[in-house]
Amino acid sequence: HTNAELRRKFIATGAQTKLRRIQSSNDDLDAIPEEGEIAQPNAYPANLRLGDAMRFMAFPTLIYQTRYPRTRRIRSAWLLKRCGELFLVVSAMLLITTQFVHPTVQRSFVAIDNKDAWSFVERLLALAIPSLFVWVLMFVALFELWLSILAELTRFGDRQFYKDWWNAQKFDEYWRLWNLPVHNWLVRHVFFPCLNLGLNKMAATLVVFFVSAALHEVLVSGPCHVARLYAFAGMMGQVPLIALTNALHGRLPSNRLGNVLFWVVFCVVGQPMALMLYFHDTVQSSSAGAKGSFGGEL
């Protein structure tokens, strides 16, 4: 792999040994082919060609390698079925959003403006179930269908984009299972380099969450054209929740309290609250901008 070759060239021997020891227990980051042929890897830096870059951008992965598992052919009937399922799932998302989510979020604007706590909580609970359905449908559309469609079109052999995150009893377990492409990228390009710099595992984990929180904030604030740091705060708030659920799991290993806490925090509180706050600030910012432009023209 290119990453390994770069490390051999630029990372000190002591850090190399530590990295190799960690990687030996994380072999799941490197896909193991089960069927089909494997393109022969080119030696670094001969692999840095336009064709390699274009192929990497088309593959449903964020980690560049000189070798990927490939399937032998594209299954047309399977692909057509997945495309039909994607259309149905996206249609259901749009239906729930327009019929349930959007009206509820609009009604929350007045509650936030008036600082009416009871009305805010009422809107939060009314939004919990519709937003949960939209979130689950989004997960199915992206990770189960779209990435699989992209993998089929490119004959990409590694189809494991998630694991059973819905059974997570700890918050750190959820983040390891929910989005494997991003998780693997953060582990390889943020977590391991932090360990190479001499940080301990806890400090490296904090850096990973900081980077992830910043990316989440950019993804939300960019389209909304507001910078309120709600997504950033929500992500960094996962760190104490990780400590809490780890402590609960340590004392009661067979207890499902951590899983219940995960669903409540994400689906009843976290996502509906973030949705209402970003909607309020976006509308408020847009209204202020429109008034300013109108006044300027006058």
# chains A, B, ... in the order shown; residues from 1 in each chain; ligands from 1

call {"tool": "residues_around", "arguments": {"residues": "A:Ser221", "least_positions_apart": "2", "cutoff": "12 Å", "atoms": "only C-alpha atoms", "output": "ChimeraX atom specification"}}
result
/A:213-219,223-232,274-275,277-279,281-282

call {"tool": "residues_around", "arguments": {"residues": "A:Ile96", "least_positions_apart": "5", "cutoff": "7 Å", "atoms": "only C-alpha atoms", "output": "ChimeraX atom specification"}}
result
/A:101,130,134

call {"tool": "closest_residue", "arguments": {"among": "A:Arg82, A:Arg188, A:His183, A:Arg107", "to": "A:Trp146", "atoms": "only C-alpha atoms"}}
result
A:Arg82

call {"tool": "atom_distance", "arguments": {"atom1": "atom CA of A:Arg55", "atom2": "atom CA of A:Leu79"}}
result
19.7 Å

call {"tool": "select_by_dssp", "arguments": {"residues": "stretch 131-298 of chain A", "states": "alpha helix (DSSP H)", "output": "PyMOL selection string"}}
result
chain A and resi 131-139+147-154+171-177+180-186+192-196+201-224+230-236+238-251+257-263+271-297

call {"tool": "closest_atom_pairs", "arguments": {"of": "stretch 174-239 of chain A", "to": "stretch 258-265 of chain A", "cutoff": "12 Å", "atoms": "only C-alpha atoms", "output": "tab-separated table"}}
result
residue	atom	partner	partner_atom	distance
A:Tyr174	CA	A:Phe262	CA	8.5
A:Trp175	CA	A:Phe262	CA	11.1
A:Gly234	CA	A:Val265	CA	10.2
A:Met235	CA	A:Val265	CA	11.8
A:Gly237	CA	A:Val265	CA	10.7
A:Gln238	CA	A:Val265	CA	9.9

call {"tool": "residues_around", "arguments": {"residues": "A:Leu147", "least_positions_apart": "5", "cutoff": "12 Å", "atoms": "only C-alpha atoms", "output": "PyMOL selection string"}}
result
chain A and resi 58-61+79+82-83+86+139-142+152-162+179-181

call {"tool": "residues_around", "arguments": {"residues": "stretch 198-210 of chain A", "least_positions_apart": "4", "cutoff": "7 Å", "atoms": "only C-alpha atoms", "output": "PDB file with N, CA, C and O atoms, in the first residue's frame"}}
result
ATOM      1  N   LEU A 186     -10.345   8.044   9.132  1.00  0.00           N
ATOM      2  CA  LEU A 186      -9.910   8.741  10.343  1.00  0.00           C
ATOM      3  C   LEU A 186      -8.879   7.922  11.110  1.00  0.00           C
ATOM      4  O   LEU A 186      -7.911   8.478  11.647  1.00  0.00           O
ATOM      5  N   VAL A 190      -5.618   9.974  10.729  1.00  0.00           N
ATOM      6  CA  VAL A 190      -5.606  10.871  11.886  1.00  0.00           C
ATOM      7  C   VAL A 190      -5.133  10.136  13.136  1.00  0.00           C
ATOM      8  O   VAL A 190      -4.200  10.573  13.806  1.00  0.00           O
ATOM      9  N   PHE A 191      -5.764   8.998  13.443  1.00  0.00           N
ATOM     10  CA  PHE A 191      -5.457   8.280  14.684  1.00  0.00           C
ATOM     11  C   PHE A 191      -4.028   7.740  14.686  1.00  0.00           C
ATOM     12  O   PHE A 191      -3.257   7.990  15.621  1.00  0.00           O
ATOM     13  N   CYS A 194      -1.328  10.435  14.903  1.00  0.00           N
ATOM     14  CA  CYS A 194      -1.252  10.995  16.254  1.00  0.00           C
ATOM     15  C   CYS A 194      -0.438  10.081  17.175  1.00  0.00           C
ATOM     16  O   CYS A 194       0.357  10.555  17.998  1.00  0.00           O
ATOM     17  N   ALA A 214     -15.271  19.066  13.327  1.00  0.00           N
ATOM     18  CA  ALA A 214     -15.065  20.174  12.394  1.00  0.00           C
ATOM     19  C   ALA A 214     -15.657  19.846  11.022  1.00  0.00           C
ATOM     20  O   ALA A 214     -16.301  20.699  10.388  1.00  0.00           O
ATOM     21  N   MET A 235     -20.865  16.811  18.353  1.00  0.00           N
ATOM     22  CA  MET A 235     -19.840  15.783  18.179  1.00  0.00           C
ATOM     23  C   MET A 235     -18.876  15.731  19.361  1.00  0.00           C
ATOM     24  O   MET A 235     -18.530  14.656  19.861  1.00  0.00           O
ATOM     25  N   MET A 236     -18.426  16.886  19.839  1.00  0.00           N
ATOM     26  CA  MET A 236     -17.507  16.891  20.973  1.00  0.00           C
ATOM     27  C   MET A 236     -18.205  16.421  22.247  1.00  0.00           C
ATOM     28  O   MET A 236     -17.561  15.899  23.160  1.00  0.00           O
TER      29      MET A 236
END

call {"tool": "atom_distance", "arguments": {"atom1": "atom CA of A:Leu132", "atom2": "atom CA of A:Ala247"}}
result
26.9 Å

call {"tool": "atom_distance", "arguments": {"atom1": "atom CA of A:Ser286", "atom2": "atom CA of A:Arg123"}}
result
22.3 Å
